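Everything below belongs to structure-v7.txt, which stores compact mmCIF, C-alpha atoms and all ligand atoms.
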```
# COMPACT_ATOMS: atom_id res chain seq x y z
CA MET Q 29 128.25 116.60 63.70
CA ALA Q 30 125.01 115.29 62.35
CA ARG Q 31 124.06 111.96 63.81
CA GLY Q 32 121.51 109.73 62.18
CA LYS Q 33 118.69 108.83 64.55
CA PRO Q 34 116.67 105.70 64.03
CA LYS Q 35 112.99 106.42 63.42
CA ALA Q 36 111.79 104.29 66.30
CA ILE Q 37 113.86 102.96 69.12
CA ARG Q 38 112.92 100.00 71.22
CA ILE Q 39 113.93 100.77 74.76
CA PRO Q 40 115.14 97.77 76.71
CA ALA Q 41 112.66 97.42 79.54
CA PRO Q 42 114.34 98.07 82.87
CA PRO Q 43 113.17 95.78 85.67
CA LEU Q 44 110.56 98.20 86.95
CA ALA Q 45 106.89 97.57 87.40
CA TRP Q 46 105.60 100.68 85.69
CA TRP Q 47 107.41 100.21 82.40
CA PRO Q 48 104.89 99.61 79.62
CA LYS Q 49 105.89 96.45 77.80
CA GLY Q 50 107.11 96.85 74.24
CA ARG Q 51 106.76 100.62 74.26
CA ARG Q 52 108.36 102.36 71.32
CA MET Q 53 109.75 105.83 71.28
CA THR Q 54 109.05 108.22 68.44
CA LYS Q 55 111.62 110.53 66.92
CA PRO Q 56 110.00 113.80 68.14
CA VAL Q 57 109.91 112.49 71.72
CA TYR Q 58 113.51 111.35 71.40
CA ASN Q 59 114.59 114.81 70.26
CA ARG Q 60 112.73 116.58 73.07
CA LEU Q 61 114.34 114.28 75.61
CA LEU Q 62 117.75 114.82 74.03
CA VAL Q 63 117.42 118.62 74.33
CA CYS Q 64 116.24 118.34 77.95
CA ALA Q 65 119.05 115.92 78.86
CA SER Q 66 121.65 118.18 77.28
CA LEU Q 67 120.40 121.27 79.12
CA PHE Q 68 120.26 119.36 82.41
CA HIS Q 69 123.62 117.60 82.25
CA GLU Q 70 125.74 120.06 80.27
CA GLY Q 71 124.14 123.25 81.55
CA PRO Q 72 122.33 126.26 80.00
CA GLU Q 73 123.01 126.86 76.33
CA SER Q 74 121.92 128.98 73.39
CA ARG Q 75 120.00 127.52 70.46
CA VAL Q 76 123.13 127.60 68.32
CA GLY Q 77 125.09 125.90 71.09
CA LEU Q 78 122.41 123.23 71.30
CA HIS Q 79 122.72 122.70 67.57
CA HIS Q 80 126.43 121.97 68.06
CA ARG Q 81 125.77 119.75 71.05
CA THR Q 82 122.98 117.64 69.61
CA GLY Q 83 123.43 117.78 65.87
CA LEU Q 84 119.76 118.75 65.43
CA PRO Q 85 119.05 121.34 62.71
CA ILE Q 86 118.42 124.88 64.02
CA SER Q 87 114.89 124.91 62.60
CA ARG Q 88 114.00 121.69 64.48
CA LEU Q 89 115.60 123.06 67.63
CA SER Q 90 113.59 126.29 67.45
CA GLU Q 91 110.42 124.25 67.21
CA ILE Q 92 111.37 121.97 70.11
CA CYS Q 93 112.51 124.85 72.32
CA GLY Q 94 109.30 126.74 71.54
CA GLU Q 95 107.27 123.76 72.71
CA LEU Q 96 109.37 123.28 75.83
CA LEU Q 97 109.11 127.00 76.68
CA ARG Q 98 105.34 126.93 76.20
CA ASP Q 99 105.09 123.86 78.42
CA GLY Q 100 107.15 125.58 81.12
CA LEU Q 101 109.86 122.94 81.07
CA ILE Q 102 112.63 125.33 80.15
CA ARG Q 103 113.13 129.06 80.60
CA GLU Q 104 115.17 131.71 78.84
CA SER Q 105 117.68 134.01 80.44
CA VAL Q 106 119.64 136.82 78.85
CA VAL Q 107 123.27 137.00 79.91
CA ALA Q 108 126.07 139.46 79.17
CA PRO Q 109 128.35 138.56 76.27
CA PRO Q 110 131.38 136.43 77.19
CA GLY Q 111 134.51 138.48 77.88
CA GLY Q 112 132.86 140.88 80.29
CA ASN Q 113 134.02 144.04 78.50
CA GLY Q 114 130.45 145.08 77.73
CA ARG Q 115 130.92 144.67 74.01
CA GLY Q 116 129.22 142.15 71.77
CA ARG Q 117 125.63 140.96 71.80
CA PRO Q 118 124.00 139.61 74.93
CA GLN Q 119 123.25 135.89 74.70
CA THR Q 120 119.93 134.19 75.23
CA LEU Q 121 120.46 130.95 77.10
CA LEU Q 122 117.96 128.16 77.66
CA GLU Q 123 117.85 126.21 80.88
CA ILE Q 124 115.75 123.49 82.47
CA ASP Q 125 113.13 124.79 84.90
CA LEU Q 126 113.05 122.15 87.62
CA ARG Q 127 110.54 124.04 89.79
CA GLY Q 128 107.66 123.30 87.44
CA LEU Q 129 108.08 119.52 87.59
CA GLY Q 130 107.67 117.37 90.63
CA VAL Q 131 106.78 114.11 92.29
CA ALA Q 132 103.94 113.13 94.61
CA CYS Q 133 105.33 111.13 97.50
CA VAL Q 134 103.96 109.03 100.29
CA GLN Q 135 105.76 107.62 103.29
CA TYR Q 136 104.09 105.43 105.87
CA ASP Q 137 104.53 103.09 108.79
CA GLN Q 138 102.41 101.69 111.60
CA ASP Q 139 101.67 105.06 113.17
CA HIS Q 140 101.53 107.62 110.42
CA ILE Q 141 101.11 108.47 106.74
CA ASN Q 142 102.95 111.39 105.26
CA ALA Q 143 102.23 112.74 101.77
CA ALA Q 144 104.21 115.42 99.96
CA VAL Q 145 104.85 117.26 96.73
CA THR Q 146 108.51 117.86 95.95
CA ASP Q 147 109.76 119.66 92.88
CA LEU Q 148 112.64 118.25 90.88
CA GLY Q 149 114.89 121.07 92.06
CA GLY Q 150 114.76 119.51 95.53
CA THR Q 151 112.29 121.80 97.29
CA LEU Q 152 109.52 120.35 99.41
CA ARG Q 153 106.45 122.30 98.26
CA TRP Q 154 103.62 120.74 100.24
CA GLN Q 155 103.29 118.19 103.00
CA ARG Q 156 100.50 116.65 105.06
CA ARG Q 157 100.67 114.11 107.84
CA TRP Q 158 98.05 111.79 109.29
CA ASP Q 159 98.75 110.21 112.65
CA GLY Q 160 97.36 106.83 113.67
CA PRO Q 161 97.62 104.29 115.03
CA PHE Q 162 95.86 102.66 112.09
CA GLU Q 163 94.66 99.31 113.37
CA GLU Q 164 93.39 97.91 110.12
CA ASP Q 165 94.14 95.29 107.52
CA ALA Q 166 96.58 95.83 104.69
CA GLN Q 167 93.89 96.50 102.06
CA ARG Q 168 92.28 99.31 104.03
CA ARG Q 169 95.65 100.75 104.87
CA LEU Q 170 96.61 100.65 101.20
CA ARG Q 171 93.44 102.54 100.26
CA ARG Q 172 94.28 105.15 102.90
CA ILE Q 173 97.80 105.51 101.45
CA ALA Q 174 96.36 105.83 97.93
CA ARG Q 175 93.99 108.59 99.09
CA ALA Q 176 96.90 110.45 100.71
CA VAL Q 177 99.04 110.40 97.56
CA THR Q 178 96.05 111.28 95.37
CA LEU Q 179 95.57 114.39 97.48
CA ALA Q 180 99.23 115.28 96.78
CA VAL Q 181 98.69 114.79 93.04
CA ASP Q 182 95.54 116.95 93.14
CA THR Q 183 97.28 119.68 95.13
CA ALA Q 184 100.27 119.96 92.78
CA PRO Q 185 98.62 122.11 90.05
CA LYS Q 186 97.78 124.76 92.68
CA LEU Q 187 101.50 124.91 93.42
CA GLY Q 188 102.39 125.22 89.74
CA VAL Q 189 103.94 121.77 89.76
CA ARG Q 190 103.34 119.11 87.11
CA ILE Q 191 103.57 115.65 88.65
CA VAL Q 192 105.73 113.33 86.54
CA ALA Q 193 105.76 110.36 88.90
CA VAL Q 194 104.61 108.99 92.22
CA GLY Q 195 106.98 107.50 94.76
CA ALA Q 196 106.35 105.38 97.85
CA ALA Q 197 108.75 105.06 100.78
CA ASP Q 198 108.02 101.72 102.42
CA PRO Q 199 108.99 100.86 106.00
CA GLY Q 200 109.96 97.26 105.17
CA THR Q 201 111.48 95.17 102.43
CA VAL Q 202 110.17 95.63 98.90
CA ASP Q 203 110.32 93.89 95.56
CA ILE Q 204 111.06 96.64 93.07
CA ALA Q 205 110.40 94.36 90.10
CA THR Q 206 106.75 93.89 91.02
CA GLY Q 207 106.45 97.18 92.91
CA GLY Q 208 105.18 95.35 95.99
CA ALA Q 209 105.87 95.70 99.68
CA VAL Q 210 107.20 92.33 100.86
CA ARG Q 211 107.21 92.62 104.65
CA ALA Q 212 107.56 95.23 107.36
CA VAL Q 213 108.36 93.79 110.77
CA ASN Q 214 106.96 96.88 112.52
CA VAL Q 215 103.66 96.91 110.63
CA PRO Q 216 101.64 93.77 111.40
CA GLY Q 217 99.94 92.29 108.33
CA TRP Q 218 101.91 94.43 105.86
CA GLN Q 219 102.96 91.52 103.66
CA ASN Q 220 102.98 91.13 99.89
CA VAL Q 221 101.00 94.30 99.28
CA PRO Q 222 100.88 95.55 95.64
CA VAL Q 223 101.62 99.17 96.56
CA ALA Q 224 102.93 100.51 93.25
CA GLU Q 225 100.08 98.98 91.29
CA ALA Q 226 97.45 100.48 93.59
CA LEU Q 227 99.04 103.95 93.53
CA ARG Q 228 99.43 103.84 89.77
CA LYS Q 229 95.77 102.96 89.39
CA ALA Q 230 94.71 105.68 91.83
CA THR Q 231 96.81 108.46 90.27
CA GLY Q 232 97.43 107.43 86.66
CA ARG Q 233 101.12 108.20 87.12
CA PRO Q 234 104.18 105.95 86.84
CA THR Q 235 104.99 104.79 90.35
CA VAL Q 236 108.16 103.63 92.06
CA ILE Q 237 108.62 102.07 95.46
CA GLN Q 238 111.75 101.65 97.54
CA ARG Q 239 112.59 101.10 101.16
CA GLY Q 240 112.35 104.47 102.88
CA ASP Q 241 116.00 104.15 103.94
CA SER Q 242 117.09 103.86 100.32
CA TRP Q 243 115.16 106.99 99.35
CA GLN Q 244 116.73 108.80 102.29
CA ALA Q 245 120.20 107.76 101.11
CA LEU Q 246 119.54 109.18 97.66
CA GLY Q 247 117.97 112.34 99.11
CA GLU Q 248 120.96 113.06 101.33
CA VAL Q 249 123.44 112.42 98.51
CA SER Q 250 121.52 114.58 96.03
CA PHE Q 251 120.50 117.49 98.27
CA GLY Q 252 121.97 117.03 101.77
CA ALA Q 253 125.08 115.79 103.60
CA GLY Q 254 126.23 113.80 100.58
CA ARG Q 255 126.28 116.65 98.06
CA GLY Q 256 129.32 116.39 95.84
CA ALA Q 257 129.78 112.68 96.52
CA GLN Q 258 128.96 109.98 94.00
CA ASN Q 259 129.48 106.95 96.22
CA ALA Q 260 128.01 107.02 99.67
CA LEU Q 261 126.75 104.80 102.43
CA PHE Q 262 123.79 106.07 104.46
CA VAL Q 263 123.04 104.51 107.83
CA THR Q 264 120.13 105.56 110.00
CA LEU Q 265 119.27 104.78 113.60
CA LEU Q 266 115.63 104.70 114.67
CA GLU Q 267 114.21 101.78 116.63
CA GLY Q 268 116.76 99.72 114.75
CA ILE Q 269 119.30 100.38 112.04
CA GLY Q 270 118.62 100.78 108.35
CA GLY Q 271 120.63 102.01 105.43
CA GLY Q 272 120.99 102.65 101.74
CA ILE Q 273 123.81 102.74 99.24
CA VAL Q 274 124.44 105.22 96.46
CA GLU Q 275 126.82 104.11 93.74
CA ARG Q 276 127.88 106.60 91.07
CA GLY Q 277 124.96 108.84 91.99
CA ARG Q 278 122.33 106.13 91.74
CA LEU Q 279 120.75 103.81 94.24
CA LEU Q 280 122.38 100.44 94.54
CA VAL Q 281 119.35 98.24 95.07
CA GLY Q 282 120.53 94.64 94.79
CA ARG Q 283 118.29 91.85 93.51
CA ASP Q 284 114.99 93.01 95.02
CA GLY Q 285 115.72 96.38 96.58
CA SER Q 286 117.19 95.28 99.90
CA ALA Q 287 120.82 96.27 99.37
CA GLY Q 288 121.93 98.40 102.30
CA GLU Q 289 120.12 96.51 105.10
CA ILE Q 290 123.22 96.95 107.22
CA GLY Q 291 121.34 96.57 110.52
CA HIS Q 292 121.34 92.80 110.21
CA THR Q 293 125.00 92.34 109.36
CA ARG Q 294 126.63 90.38 112.18
CA VAL Q 295 129.25 92.17 114.19
CA SER Q 296 129.68 89.61 116.99
CA GLU Q 297 129.52 85.85 117.35
CA ASP Q 298 127.41 85.52 120.46
CA GLY Q 299 126.14 89.04 120.90
CA PRO Q 300 122.66 90.04 122.00
CA PRO Q 301 119.64 88.46 120.25
CA CYS Q 302 118.03 90.45 117.44
CA GLY Q 303 114.40 90.90 116.45
CA CYS Q 304 115.21 89.07 113.20
CA GLY Q 305 115.89 85.85 115.09
CA GLY Q 306 119.68 86.07 114.77
CA ARG Q 307 122.33 87.07 117.25
CA GLY Q 308 124.99 89.74 117.26
CA CYS Q 309 123.40 91.89 114.52
CA LEU Q 310 124.63 95.48 114.40
CA GLU Q 311 121.11 96.59 115.24
CA ALA Q 312 121.02 94.46 118.38
CA HIS Q 313 124.20 96.17 119.59
CA VAL Q 314 123.13 99.75 118.87
CA ALA Q 315 119.30 99.95 119.21
CA PRO Q 316 118.62 103.06 121.34
CA ALA Q 317 116.18 101.21 123.62
CA ARG Q 318 118.82 98.59 124.42
CA LEU Q 319 121.48 101.16 125.20
CA ALA Q 320 119.10 103.13 127.39
CA ALA Q 321 117.98 99.96 129.23
CA ARG Q 322 121.58 99.09 130.03
CA TRP Q 323 122.15 102.61 131.27
CA ARG Q 324 119.06 102.24 133.49
CA GLN Q 325 120.69 99.02 134.70
CA LEU Q 326 117.77 96.80 133.80
CA PRO Q 327 118.67 93.12 134.20
CA ALA Q 328 120.44 91.90 131.05
CA GLU Q 329 117.62 89.56 130.02
CA GLN Q 330 115.06 92.33 130.27
CA ALA Q 331 117.30 94.81 128.48
CA GLU Q 332 117.77 92.44 125.56
CA TRP Q 333 114.09 92.49 124.68
CA VAL Q 334 113.15 96.05 125.38
CA THR Q 335 111.82 97.96 122.38
CA LEU Q 336 111.22 101.61 121.77
CA ARG Q 337 108.83 102.96 119.19
CA GLY Q 338 110.06 106.04 117.41
CA GLU Q 339 111.72 109.03 118.96
CA MET Q 340 109.74 110.41 121.88
CA PRO Q 341 110.52 113.70 123.55
CA ASN Q 342 112.63 113.06 126.59
CA ASP Q 343 112.59 109.27 126.23
CA ASP Q 344 115.20 107.15 127.97
CA PHE Q 345 117.73 107.39 125.15
CA THR Q 346 117.40 111.18 125.10
CA GLN Q 347 117.99 111.28 128.83
CA MET Q 348 120.98 109.00 128.47
CA LEU Q 349 122.51 111.29 125.85
CA GLN Q 350 121.91 114.25 128.11
CA ALA Q 351 123.62 112.44 130.98
CA ALA Q 352 126.58 111.56 128.75
CA ARG Q 353 126.94 115.22 127.78
CA GLU Q 354 127.01 116.12 131.44
CA GLY Q 355 129.82 113.63 132.00
CA ASP Q 356 127.99 110.49 133.17
CA ALA Q 357 130.75 107.87 132.87
CA ARG Q 358 128.41 104.90 132.50
CA ALA Q 359 126.47 106.52 129.67
CA ARG Q 360 129.68 107.43 127.90
CA GLU Q 361 131.04 103.92 128.23
CA ILE Q 362 127.87 102.35 126.80
CA LEU Q 363 127.96 104.77 123.85
CA ALA Q 364 131.65 104.07 123.23
CA GLU Q 365 130.89 100.34 123.15
CA ALA Q 366 128.04 100.92 120.70
CA ALA Q 367 130.40 103.02 118.56
CA ARG Q 368 132.83 100.10 118.41
CA ALA Q 369 130.09 97.77 117.16
CA LEU Q 370 129.17 100.41 114.62
CA ALA Q 371 132.82 100.71 113.54
CA ARG Q 372 132.93 96.96 112.97
CA GLY Q 373 129.81 97.07 110.79
CA LEU Q 374 130.85 100.17 108.88
CA GLY Q 375 134.42 98.90 108.48
CA ASN Q 376 133.12 95.81 106.70
CA ALA Q 377 130.84 97.95 104.55
CA VAL Q 378 133.77 100.21 103.62
CA SER Q 379 135.77 97.20 102.44
CA LEU Q 380 132.85 95.98 100.35
CA LEU Q 381 131.69 99.27 98.86
CA ASN Q 382 134.63 101.69 98.87
CA PRO Q 383 132.42 104.75 99.54
CA GLU Q 384 133.70 108.31 99.67
CA ARG Q 385 131.22 109.41 102.28
CA ILE Q 386 129.35 107.84 105.20
CA ILE Q 387 126.21 109.69 106.26
CA LEU Q 388 124.64 108.95 109.63
CA GLY Q 389 120.95 109.81 110.00
CA GLY Q 390 118.04 109.46 112.41
CA ARG Q 391 119.05 109.31 116.06
CA PHE Q 392 122.73 109.32 115.14
CA VAL Q 393 122.16 113.03 114.50
CA GLN Q 394 120.73 113.41 117.99
CA ALA Q 395 123.73 111.59 119.51
CA GLY Q 396 126.13 113.69 117.43
CA GLU Q 397 129.72 113.70 118.57
CA LEU Q 398 128.93 111.29 121.43
CA LEU Q 399 128.93 108.47 118.88
CA LEU Q 400 130.80 110.16 116.04
CA ASP Q 401 134.05 110.76 117.93
CA PRO Q 402 134.53 107.21 119.28
CA LEU Q 403 133.38 105.85 115.89
CA LYS Q 404 136.05 107.79 114.02
CA ARG Q 405 138.67 106.62 116.51
CA ALA Q 406 137.65 102.96 116.16
CA LEU Q 407 137.14 102.74 112.38
CA PRO Q 408 140.86 102.32 111.48
CA GLU Q 409 140.84 98.97 113.31
CA TYR Q 410 138.21 97.58 110.99
CA ALA Q 411 139.06 98.70 107.46
CA LEU Q 412 142.15 99.21 105.32
CA GLY Q 413 143.83 102.56 105.83
CA GLU Q 414 143.86 103.38 102.13
CA LEU Q 415 140.11 102.77 101.88
CA LEU Q 416 139.41 104.94 104.91
CA GLN Q 417 141.59 107.74 103.66
CA GLY Q 418 139.46 110.51 102.29
CA ILE Q 419 136.18 109.08 103.63
CA GLU Q 420 134.15 111.74 105.33
CA VAL Q 421 131.77 110.63 108.06
CA ARG Q 422 128.99 113.22 108.36
CA LEU Q 423 125.68 113.61 110.09
CA ALA Q 424 122.57 113.75 107.87
CA GLU Q 425 121.14 117.20 107.17
CA LEU Q 426 117.62 116.70 105.86
CA GLY Q 427 115.74 114.83 108.56
CA GLU Q 428 112.67 112.89 107.57
CA THR Q 429 112.06 114.88 104.37
CA SER Q 430 115.13 113.21 102.85
CA ALA Q 431 113.00 110.31 101.55
CA PHE Q 432 110.84 112.74 99.54
CA LEU Q 433 113.90 114.45 98.12
CA GLY Q 434 115.30 111.03 97.20
CA ILE Q 435 112.16 110.29 95.18
CA ALA Q 436 112.53 113.67 93.43
CA ALA Q 437 116.20 112.97 92.66
CA ASP Q 438 115.33 109.58 91.20
CA ALA Q 439 112.60 111.05 88.99
CA ARG Q 440 114.89 113.87 87.86
CA ASP Q 441 117.72 111.51 86.99
CA ARG Q 442 115.48 109.17 85.02
CA LEU Q 443 113.61 111.91 83.24
CA PHE Q 444 116.71 113.77 82.13
CA ALA Q 445 118.79 110.74 81.27
CA TYR Q 446 120.04 110.85 77.70
CA PRO Q 447 117.40 109.04 75.68
CA SER Q 448 120.06 106.78 74.19
CA ILE Q 449 120.54 105.37 77.69
CA GLY Q 450 116.82 104.86 78.05
CA ALA Q 451 116.70 104.75 81.85
CA ARG Q 452 113.58 106.85 82.26
CA PHE Q 453 110.03 106.74 83.45
CA GLY Q 454 108.07 104.96 80.78
CA GLU Q 455 104.96 107.06 80.62
CA ALA Q 456 106.53 110.21 81.94
CA GLU Q 457 107.68 111.16 78.47
CA ALA Q 458 104.07 112.03 77.79
CA ASN Q 459 104.41 114.65 80.50
CA LEU Q 460 107.54 116.15 79.01
ZN ZN M 501 119.07 90.97 113.04
```

Starting from the file, give its structure as structure tokens.
Amino acid sequence: MARGKPKAIRIPAPPLAWWPKGRRMTKPVYNRLLVCASLFHEGPESRVGLHHRTGLPISRLSEICGELLRDGLIRESVVAPPGGNGRGRPQTLLEIDLRGLGVACVQYDQDHINAAVTDLGGTLRWQRRWDGPFEEDAQRRLRRIARAVTLAVDTAPKLGVRIVAVGAADPGTVDIATGGAVRAVNVPGWQNVPVAEALRKATGRPTVIQRGDSWQALGEVSFGAGRGAQNALFVTLLEGIGGGIVERGRLLVGRDGSAGEIGHTRVSEDGPPCGCGGRGCLEAHVAPARLAARWRQLPAEQAEWVTLRGEMPNDDFTQMLQAAREGDARAREILAEAARALARGLGNAVSLLNPERIILGGRFVQAGELLLDPLKRALPEYALGELLQGIEVRLAELGETSAFLGIAADARDRLFAYPSIGARFGEAEANL
């Protein structure tokens, strides 16, 4: 099934900052990408099998596979002949070697910077963390972040990993079209910062940025609690609530990259005030510091404004969970109430998104069944039965590394997309 390939294909530029304008793809690059995509999506295959799959002549395929083998992008394995009776010739199959390709990642907030190298098979290969607090302006902080990710890029060759892209997990809202951080409420001064541009300049690699919660969603779906699901909603509880949406295996980002900000959906009319200026946001009902303050019986006005930075060992929320496990009725009641607010928020999200899995991360994992059980009991009140049927609500499995694995999954999916679809890293083809 020979298919004519145009000599040069203009790829429609996706709305991503690192895409080189007007870039054309050459036929040899197209063919390499086609072979890689076929091996990744359709599985290991022999050269003859690849000829049938792609329509490329055997002589061309031998050349391409030779190059890809030399570059360490694919590997050969010899398997027994089909049939299993020991007769016939063993087959040589080619397969993608995801361990040799990877991404350099950086994740940051007010108090820390975390850099990592993750291979495209989903293994975290190297990680380093710097703890602050970093009291400095956005420019200096950006330079610090660029140095951290540059160290990851420089470390990768020692691990046998070729870096195809750089990814940033931002703590606030982002504009994925410009690659900039828009605003992070928890990081003073972090406003309109050209993160992707700075990291691209520092590393020479195509760079993507997303909200950290979105990367976590993709990481969990690709390598964690969402494995096997194509459509999932990820919700995480830290100081507040964040989330991300995966639709047909890809991130649903919305106009700018803010799709999934479920924390500020309203679940009550005159509920507690929220840090965003509104009232009755899901986050205002479920923030760990608020719940713990109520359990400590702080006056309502005081409890409404209490904040808690990060998860501290044995902080008030941890103690409250411990008390609930030991049967403290007040703690259990407060958690059940929070679970009802969560059910309201998630019920609305289920009606909008029709997911097959809901993954709860961050401190939801710490609370475990204390929130999960009342949540599962309450959900049927807030969404259609047929939509809820078959939805699995699970706790996240990957912890804070999920953002790095999400960046790796994104790079992998772009890189090995069929070239006719064209959804890939612009310059990364040079690395293939
Ligand atoms: Zn809010």

Can you sort out the box for region 154-163 of chain Q, edges along x, y and z, all listed atoms in, 6 Å on every side, with centre and edge lengths in Å to one decimal, as JSON?
```
{"center_x": 99.1, "center_y": 110.0, "center_z": 107.6, "size_x": 21.0, "size_y": 33.4, "size_z": 26.8}
```

Using all atoms listed in the file, which protein or nucleic acid residues come within 9 Å of Val63 (chain Q)? Drop anything in the same chain fewer than 2 positions from it, and give the result as a list of chain:residue names.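 What passes the distance filter is Q:Tyr58, Q:Asn59, Q:Arg60, Q:Leu61, Q:Ala65, Q:Ser66, Q:Leu67, Q:Phe68, Q:Leu78, Q:Thr82, Q:Leu89, Q:Ile92, Q:Cys93, Q:Tyr446.
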
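Straight-line separation from CA of Asn214 (chain Q) to CA of Leu399 (chain Q): 25.6 Å.
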
Neighbouring residues of ligand ZN 501 (chain M) are defined here as those with any atom at most 10 Å from a ligand atom, counting only C-alpha atoms and all ligand atoms; list them as a short mmCIF file (atom, residue, chain, number, x, y, z; two decimals) with C-alpha atoms, in the coordinates of the input.
```
data_model
loop_
_atom_site.label_atom_id
_atom_site.label_comp_id
_atom_site.auth_asym_id
_atom_site.auth_seq_id
_atom_site.Cartn_x
_atom_site.Cartn_y
_atom_site.Cartn_z
CA GLY Q 268 116.76 99.72 114.75
CA ILE Q 269 119.30 100.38 112.04
CA GLU Q 289 120.12 96.51 105.10
CA ILE Q 290 123.22 96.95 107.22
CA GLY Q 291 121.34 96.57 110.52
CA HIS Q 292 121.34 92.80 110.21
CA THR Q 293 125.00 92.34 109.36
CA ARG Q 294 126.63 90.38 112.18
CA PRO Q 300 122.66 90.04 122.00
CA PRO Q 301 119.64 88.46 120.25
CA CYS Q 302 118.03 90.45 117.44
CA GLY Q 303 114.40 90.90 116.45
CA CYS Q 304 115.21 89.07 113.20
CA GLY Q 305 115.89 85.85 115.09
CA GLY Q 306 119.68 86.07 114.77
CA ARG Q 307 122.33 87.07 117.25
CA GLY Q 308 124.99 89.74 117.26
CA CYS Q 309 123.40 91.89 114.52
CA LEU Q 310 124.63 95.48 114.40
CA GLU Q 311 121.11 96.59 115.24
CA ALA Q 312 121.02 94.46 118.38
CA HIS Q 313 124.20 96.17 119.59
#
```

Quick one: residues within 10 Å of region 255-265 of chain Q, only C-alpha atoms counted, chain neighbours fewer than 3 positions away excluded, as a PDB file with C-alpha atoms, keeping the file's coordinate frame?
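Writing done, so here's around.pdb:
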```pdb
ATOM      1  CA  ASP Q 241     116.000 104.150 103.940  1.00  0.00           C
ATOM      2  CA  SER Q 242     117.090 103.860 100.320  1.00  0.00           C
ATOM      3  CA  GLN Q 244     116.730 108.800 102.290  1.00  0.00           C
ATOM      4  CA  ALA Q 245     120.200 107.760 101.110  1.00  0.00           C
ATOM      5  CA  LEU Q 246     119.540 109.180  97.660  1.00  0.00           C
ATOM      6  CA  GLY Q 247     117.970 112.340  99.110  1.00  0.00           C
ATOM      7  CA  GLU Q 248     120.960 113.060 101.330  1.00  0.00           C
ATOM      8  CA  VAL Q 249     123.440 112.420  98.510  1.00  0.00           C
ATOM      9  CA  SER Q 250     121.520 114.580  96.030  1.00  0.00           C
ATOM     10  CA  PHE Q 251     120.500 117.490  98.270  1.00  0.00           C
ATOM     11  CA  GLY Q 252     121.970 117.030 101.770  1.00  0.00           C
ATOM     12  CA  GLY Q 268     116.760  99.720 114.750  1.00  0.00           C
ATOM     13  CA  ILE Q 269     119.300 100.380 112.040  1.00  0.00           C
ATOM     14  CA  GLY Q 270     118.620 100.780 108.350  1.00  0.00           C
ATOM     15  CA  GLY Q 271     120.630 102.010 105.430  1.00  0.00           C
ATOM     16  CA  GLY Q 272     120.990 102.650 101.740  1.00  0.00           C
ATOM     17  CA  ILE Q 273     123.810 102.740  99.240  1.00  0.00           C
ATOM     18  CA  VAL Q 274     124.440 105.220  96.460  1.00  0.00           C
ATOM     19  CA  GLU Q 275     126.820 104.110  93.740  1.00  0.00           C
ATOM     20  CA  ARG Q 276     127.880 106.600  91.070  1.00  0.00           C
ATOM     21  CA  GLY Q 277     124.960 108.840  91.990  1.00  0.00           C
ATOM     22  CA  ARG Q 278     122.330 106.130  91.740  1.00  0.00           C
ATOM     23  CA  LEU Q 279     120.750 103.810  94.240  1.00  0.00           C
ATOM     24  CA  LEU Q 280     122.380 100.440  94.540  1.00  0.00           C
ATOM     25  CA  GLY Q 288     121.930  98.400 102.300  1.00  0.00           C
ATOM     26  CA  GLU Q 289     120.120  96.510 105.100  1.00  0.00           C
ATOM     27  CA  ILE Q 290     123.220  96.950 107.220  1.00  0.00           C
ATOM     28  CA  GLY Q 291     121.340  96.570 110.520  1.00  0.00           C
ATOM     29  CA  GLU Q 311     121.110  96.590 115.240  1.00  0.00           C
ATOM     30  CA  VAL Q 314     123.130  99.750 118.870  1.00  0.00           C
ATOM     31  CA  ALA Q 315     119.300  99.950 119.210  1.00  0.00           C
ATOM     32  CA  PRO Q 316     118.620 103.060 121.340  1.00  0.00           C
ATOM     33  CA  LEU Q 374     130.850 100.170 108.880  1.00  0.00           C
ATOM     34  CA  ALA Q 377     130.840  97.950 104.550  1.00  0.00           C
ATOM     35  CA  VAL Q 378     133.770 100.210 103.620  1.00  0.00           C
ATOM     36  CA  LEU Q 381     131.690  99.270  98.860  1.00  0.00           C
ATOM     37  CA  ASN Q 382     134.630 101.690  98.870  1.00  0.00           C
ATOM     38  CA  PRO Q 383     132.420 104.750  99.540  1.00  0.00           C
ATOM     39  CA  GLU Q 384     133.700 108.310  99.670  1.00  0.00           C
ATOM     40  CA  ARG Q 385     131.220 109.410 102.280  1.00  0.00           C
ATOM     41  CA  ILE Q 386     129.350 107.840 105.200  1.00  0.00           C
ATOM     42  CA  ILE Q 387     126.210 109.690 106.260  1.00  0.00           C
ATOM     43  CA  LEU Q 388     124.640 108.950 109.630  1.00  0.00           C
ATOM     44  CA  GLY Q 389     120.950 109.810 110.000  1.00  0.00           C
ATOM     45  CA  GLY Q 390     118.040 109.460 112.410  1.00  0.00           C
ATOM     46  CA  ARG Q 391     119.050 109.310 116.060  1.00  0.00           C
ATOM     47  CA  PHE Q 392     122.730 109.320 115.140  1.00  0.00           C
ATOM     48  CA  VAL Q 393     122.160 113.030 114.500  1.00  0.00           C
ATOM     49  CA  GLN Q 394     120.730 113.410 117.990  1.00  0.00           C
ATOM     50  CA  ILE Q 419     136.180 109.080 103.630  1.00  0.00           C
ATOM     51  CA  GLU Q 420     134.150 111.740 105.330  1.00  0.00           C
ATOM     52  CA  VAL Q 421     131.770 110.630 108.060  1.00  0.00           C
ATOM     53  CA  ARG Q 422     128.990 113.220 108.360  1.00  0.00           C
ATOM     54  CA  LEU Q 423     125.680 113.610 110.090  1.00  0.00           C
ATOM     55  CA  ALA Q 424     122.570 113.750 107.870  1.00  0.00           C
TER      56      ALA Q 424
END
```
